[in-house]
Amino acid sequence: MMLVQSYPLAIALCVLTMICWGSWANTLKLKRPSYPFSLFYWDTNIGYVLLPLIVGLTFGSMGSTGRGLIEDLRQGSMGTYGWALAGGVVWNLANILFMSAVDIAGIAIAQPIAIGTALVEGVLINYFFDPRGNPALIFGGVALVALAIIINSLVYRNIQKDKSTEQGVVAKGITLALVGGVLMGLFYYLTLRSVSPDFVSLTPGRFGPYAAVLVNTVGALLSSFVFNSYMMRRPVKGPTATYSEFFSRGIPWHLVGILGGVINGIGFTANIVASKVASPAIAYGLGQGGTMIAAIWGIFIWKETRGASRGTQWMTAAMFVCFLSGLLLLVFSMTH
């Protein structure tokens, strides 16, 4: 299988993760208005599994290092499968809760709670699991990225037009975002429990990175038969949906969601492949910086801050300064 050997390449893959994790949700803006979100989510699940399968059968099966994807899947122990599947289930539930929180309470409330919680928890867990790098730079970088996320939420709150959200709805959104954030901070660690400590000399019974990602995404897809089926019957907003409606739609209806899942899968695959060289804490921390990529899309492409006050524009500038400073600290934490 193809592996990452150099730190600069590992960081480049983590930046790719950041771009993908911050960009895939743009496909939600491209879906047809009459297409229910729960059906769109099935499409993203399909794309999320499809990408690791293709990459695993190509990059994950090329070269003389390690094991090919099929061989790796055959030799995995029950415990290894359990950890990887659990990581996928936890990620899927976290993602659904986060999106539901955004849907009912708005991004200004849900994003800093969910992503901020996931970022801090995820880096802490993964650092203690694999304590590599300068801790002062790692945690300083995480603090700056978390601050950038908080400032980002304030920017969106300042430009939010609808201030009439009921307090009960806000409380529900906060609860969903908090639970989703805690789960999102845990899924990466669970997945890494299935991965061999060394990607070159793979531990028997443990997965290489490509097999771990594929099994993780299968866990996400299978758990959607519980989580997303519930969302189809009890949507947070909008009408209910049925499986017959999903299969009655033509292929063009599904392509946008599949594209979103593929983009998300690229990010996750790149991150796990890079995690041994970059360290899990740094890889996860950089990946969760995707929130700022989403902000870039919103500000410069979708023009969501058009007409904002001068104070909001200064806050936007401060957000990017904190974000870039935090990323630099994370990047240099392995070399200083």
# chains A, B, ... in the order shown; residues from 1 in each chain; ligands from 1

call {"tool": "residues_around", "arguments": {"residues": "Phe59 in chain A", "least_positions_apart": "2", "cutoff": "10 Å", "atoms": "only C-alpha atoms", "output": "PyMOL selection string"}}
result
chain A and resi 1-3+52+54-57+61-63+68-69+210

call {"tool": "select_by_dssp", "arguments": {"residues": "range 54-197 of chain A", "states": "helix (DSSP H, G or I)", "output": "number ranges by chain"}}
result
A: 54-57, 59-61, 69-75, 78-105, 107-129, 135-159, 167-192

call {"tool": "atom_distance", "arguments": {"atom1": "CA of Arg193 in chain A", "atom2": "CA of Val331 in chain A"}}
result
23.9 Å

call {"tool": "residues_around", "arguments": {"residues": "Met292 in chain A", "least_positions_apart": "3", "cutoff": "9 Å", "atoms": "only C-alpha atoms", "output": "list of chain:residue names"}}
result
A:Met18, A:Gly22, A:Val145, A:Ala148, A:Ile149, A:Asn152, A:Gln288, A:Gly289, A:Ala295, A:Ile296, A:Trp297, A:Met319, A:Phe320, A:Phe323

call {"tool": "residues_around", "arguments": {"residues": "Pro131 in chain A", "least_positions_apart": "3", "cutoff": "12 Å", "atoms": "only C-alpha atoms", "output": "list of chain:residue names"}}
result
A:Val123, A:Leu124, A:Ile125, A:Asn126, A:Tyr127, A:Phe128, A:Asn134, A:Pro135, A:Ala136, A:Ile138, A:Phe139, A:Lys276, A:Ala278, A:Ser279, A:Pro280, A:Ala281, A:Ile282, A:Ser333, A:Met334

call {"tool": "atom_distance", "arguments": {"atom1": "CA of Val90 in chain A", "atom2": "CA of Met184 in chain A"}}
result
7.2 Å

call {"tool": "closest_residue", "arguments": {"among": "A:Arg233, A:Arg206, A:Arg74, A:Arg249", "to": "Asp43 in chain A", "atoms": "only C-alpha atoms"}}
result
A:Arg249

call {"tool": "closest_residue", "arguments": {"among": "A:Ile104, A:Leu9, A:Leu93, A:Leu16", "to": "Gly287 in chain A", "atoms": "only C-alpha atoms"}}
result
A:Leu16

call {"tool": "closest_residue", "arguments": {"among": "A:Val273, A:Val4, A:Ala220, A:Ala146", "to": "Gly87 in chain A", "atoms": "only C-alpha atoms"}}
result
A:Ala220

call {"tool": "atom_distance", "arguments": {"atom1": "CA of Tyr7 in chain A", "atom2": "CA of Ala283 in chain A"}}
result
11.2 Å

call {"tool": "closest_atom_pairs", "arguments": {"of": "range 148-227 of chain A", "to": "range 261-267 of chain A", "cutoff": "12 Å", "atoms": "only C-alpha atoms", "output": "CSV"}}
result
residue,atom,partner,partner_atom,distance
A:Tyr210,CA,A:Gly265,CA,11.2
A:Val213,CA,A:Gly265,CA,8.6
A:Leu214,CA,A:Gly265,CA,9.3
A:Asn216,CA,A:Gly265,CA,10.6
A:Thr217,CA,A:Gly265,CA,8.3
A:Val218,CA,A:Gly265,CA,11.5
A:Ala220,CA,A:Gly261,CA,11.5
A:Leu221,CA,A:Gly261,CA,11.0

call {"tool": "write_last_selection", "arguments": {"atoms": "C-alpha atoms", "output": "mmCIF file, in the first residue's frame"}}
result
data_model
loop_
_atom_site.group_PDB
_atom_site.id
_atom_site.type_symbol
_atom_site.label_atom_id
_atom_site.label_comp_id
_atom_site.auth_asym_id
_atom_site.auth_seq_id
_atom_site.Cartn_x
_atom_site.Cartn_y
_atom_site.Cartn_z
ATOM 1 C CA TYR A 210 -7.091 2.087 4.206
ATOM 2 C CA VAL A 213 -11.243 3.936 6.993
ATOM 3 C CA LEU A 214 -13.348 1.604 4.839
ATOM 4 C CA ASN A 216 -15.362 2.910 9.653
ATOM 5 C CA THR A 217 -17.454 4.272 6.772
ATOM 6 C CA VAL A 218 -19.351 0.983 6.496
ATOM 7 C CA ALA A 220 -21.540 4.871 9.421
ATOM 8 C CA LEU A 221 -23.667 3.547 6.549
#

call {"tool": "closest_residue", "arguments": {"among": "A:Ser153, A:Ser229, A:Gln5, A:Thr58", "to": "Phe199 in chain A", "atoms": "only C-alpha atoms"}}
result
A:Gln5

call {"tool": "closest_residue", "arguments": {"among": "A:Gly285, A:Gly290, A:Gly88, A:Gly205", "to": "Leu183 in chain A", "atoms": "only C-alpha atoms"}}
result
A:Gly88

call {"tool": "closest_residue", "arguments": {"among": "A:Leu202, A:Leu97, A:Ala294, A:Leu119", "to": "Asn228 in chain A", "atoms": "only C-alpha atoms"}}
result
A:Leu97

call {"tool": "decode", "arguments": {"residues": "range 123-152 of chain A", "atoms": "N, CA and C atoms", "output": "PDB file, in the first residue's frame"}}
result
ATOM      1  N   VAL A 123      -8.313  16.513  20.390  1.00  0.00           N
ATOM      2  CA  VAL A 123      -6.867  16.707  20.491  1.00  0.00           C
ATOM      3  C   VAL A 123      -6.344  16.179  21.827  1.00  0.00           C
ATOM      4  N   LEU A 124      -7.066  16.440  22.924  1.00  0.00           N
ATOM      5  CA  LEU A 124      -6.640  15.952  24.234  1.00  0.00           C
ATOM      6  C   LEU A 124      -6.574  14.422  24.255  1.00  0.00           C
ATOM      7  N   ILE A 125      -7.637  13.771  23.791  1.00  0.00           N
ATOM      8  CA  ILE A 125      -7.679  12.310  23.802  1.00  0.00           C
ATOM      9  C   ILE A 125      -6.569  11.726  22.943  1.00  0.00           C
ATOM     10  N   ASN A 126      -6.427  12.254  21.734  1.00  0.00           N
ATOM     11  CA  ASN A 126      -5.445  11.679  20.820  1.00  0.00           C
ATOM     12  C   ASN A 126      -4.008  12.007  21.218  1.00  0.00           C
ATOM     13  N   TYR A 127      -3.801  13.134  21.906  1.00  0.00           N
ATOM     14  CA  TYR A 127      -2.449  13.444  22.380  1.00  0.00           C
ATOM     15  C   TYR A 127      -2.048  12.477  23.490  1.00  0.00           C
ATOM     16  N   PHE A 128      -2.954  12.203  24.426  1.00  0.00           N
ATOM     17  CA  PHE A 128      -2.614  11.276  25.508  1.00  0.00           C
ATOM     18  C   PHE A 128      -2.518   9.842  24.995  1.00  0.00           C
ATOM     19  N   PHE A 129      -3.202   9.541  23.912  1.00  0.00           N
ATOM     20  CA  PHE A 129      -3.087   8.231  23.266  1.00  0.00           C
ATOM     21  C   PHE A 129      -1.732   8.093  22.561  1.00  0.00           C
ATOM     22  N   ASP A 130      -1.242   9.184  21.973  1.00  0.00           N
ATOM     23  CA  ASP A 130       0.033   9.180  21.253  1.00  0.00           C
ATOM     24  C   ASP A 130       0.711  10.530  21.474  1.00  0.00           C
ATOM     25  N   PRO A 131       1.410  10.702  22.632  1.00  0.00           N
ATOM     26  CA  PRO A 131       1.938  12.016  23.024  1.00  0.00           C
ATOM     27  C   PRO A 131       3.203  12.429  22.285  1.00  0.00           C
ATOM     28  N   ARG A 132       3.033  12.800  21.016  1.00  0.00           N
ATOM     29  CA  ARG A 132       4.153  13.304  20.232  1.00  0.00           C
ATOM     30  C   ARG A 132       3.954  14.778  19.933  1.00  0.00           C
ATOM     31  N   GLY A 133       5.078  15.493  19.840  1.00  0.00           N
ATOM     32  CA  GLY A 133       5.013  16.910  19.539  1.00  0.00           C
ATOM     33  C   GLY A 133       5.140  17.757  20.792  1.00  0.00           C
ATOM     34  N   ASN A 134       5.400  19.031  20.591  1.00  0.00           N
ATOM     35  CA  ASN A 134       5.544  19.989  21.687  1.00  0.00           C
ATOM     36  C   ASN A 134       4.163  20.303  22.256  1.00  0.00           C
ATOM     37  N   PRO A 135       3.884  19.905  23.510  1.00  0.00           N
ATOM     38  CA  PRO A 135       2.527  20.098  24.042  1.00  0.00           C
ATOM     39  C   PRO A 135       2.123  21.564  24.135  1.00  0.00           C
ATOM     40  N   ALA A 136       3.066  22.448  24.447  1.00  0.00           N
ATOM     41  CA  ALA A 136       2.726  23.870  24.539  1.00  0.00           C
ATOM     42  C   ALA A 136       2.257  24.402  23.187  1.00  0.00           C
ATOM     43  N   LEU A 137       2.950  23.999  22.119  1.00  0.00           N
ATOM     44  CA  LEU A 137       2.557  24.458  20.784  1.00  0.00           C
ATOM     45  C   LEU A 137       1.254  23.806  20.341  1.00  0.00           C
ATOM     46  N   ILE A 138       1.079  22.525  20.653  1.00  0.00           N
ATOM     47  CA  ILE A 138      -0.149  21.830  20.258  1.00  0.00           C
ATOM     48  C   ILE A 138      -1.368  22.458  20.929  1.00  0.00           C
ATOM     49  N   PHE A 139      -1.306  22.590  22.262  1.00  0.00           N
ATOM     50  CA  PHE A 139      -2.476  23.107  22.967  1.00  0.00           C
ATOM     51  C   PHE A 139      -2.652  24.605  22.748  1.00  0.00           C
ATOM     52  N   GLY A 140      -1.539  25.318  22.529  1.00  0.00           N
ATOM     53  CA  GLY A 140      -1.661  26.733  22.168  1.00  0.00           C
ATOM     54  C   GLY A 140      -2.328  26.891  20.811  1.00  0.00           C
ATOM     55  N   GLY A 141      -1.947  26.033  19.860  1.00  0.00           N
ATOM     56  CA  GLY A 141      -2.567  26.074  18.542  1.00  0.00           C
ATOM     57  C   GLY A 141      -4.045  25.733  18.598  1.00  0.00           C
ATOM     58  N   VAL A 142      -4.388  24.719  19.394  1.00  0.00           N
ATOM     59  CA  VAL A 142      -5.797  24.334  19.540  1.00  0.00           C
ATOM     60  C   VAL A 142      -6.597  25.476  20.159  1.00  0.00           C
ATOM     61  N   ALA A 143      -6.013  26.148  21.149  1.00  0.00           N
ATOM     62  CA  ALA A 143      -6.709  27.268  21.793  1.00  0.00           C
ATOM     63  C   ALA A 143      -6.997  28.383  20.793  1.00  0.00           C
ATOM     64  N   LEU A 144      -6.032  28.680  19.927  1.00  0.00           N
ATOM     65  CA  LEU A 144      -6.235  29.740  18.930  1.00  0.00           C
ATOM     66  C   LEU A 144      -7.287  29.341  17.893  1.00  0.00           C
ATOM     67  N   VAL A 145      -7.260  28.088  17.456  1.00  0.00           N
ATOM     68  CA  VAL A 145      -8.276  27.631  16.500  1.00  0.00           C
ATOM     69  C   VAL A 145      -9.658  27.655  17.142  1.00  0.00           C
ATOM     70  N   ALA A 146      -9.744  27.224  18.413  1.00  0.00           N
ATOM     71  CA  ALA A 146     -11.026  27.270  19.115  1.00  0.00           C
ATOM     72  C   ALA A 146     -11.518  28.712  19.249  1.00  0.00           C
ATOM     73  N   LEU A 147     -10.589  29.648  19.526  1.00  0.00           N
ATOM     74  CA  LEU A 147     -10.959  31.062  19.612  1.00  0.00           C
ATOM     75  C   LEU A 147     -11.467  31.566  18.265  1.00  0.00           C
ATOM     76  N   ALA A 148     -10.829  31.130  17.191  1.00  0.00           N
ATOM     77  CA  ALA A 148     -11.276  31.532  15.854  1.00  0.00           C
ATOM     78  C   ALA A 148     -12.691  31.022  15.584  1.00  0.00           C
ATOM     79  N   ILE A 149     -12.997  29.809  16.047  1.00  0.00           N
ATOM     80  CA  ILE A 149     -14.337  29.254  15.857  1.00  0.00           C
ATOM     81  C   ILE A 149     -15.360  30.079  16.633  1.00  0.00           C
ATOM     82  N   ILE A 150     -15.003  30.484  17.849  1.00  0.00           N
ATOM     83  CA  ILE A 150     -15.918  31.302  18.653  1.00  0.00           C
ATOM     84  C   ILE A 150     -16.155  32.656  17.982  1.00  0.00           C
ATOM     85  N   ILE A 151     -15.087  33.287  17.494  1.00  0.00           N
ATOM     86  CA  ILE A 151     -15.237  34.573  16.800  1.00  0.00           C
ATOM     87  C   ILE A 151     -16.089  34.392  15.546  1.00  0.00           C
ATOM     88  N   ASN A 152     -15.875  33.274  14.858  1.00  0.00           N
ATOM     89  CA  ASN A 152     -16.672  32.990  13.665  1.00  0.00           C
ATOM     90  C   ASN A 152     -18.159  32.926  14.002  1.00  0.00           C
TER      91      ASN A 152
END
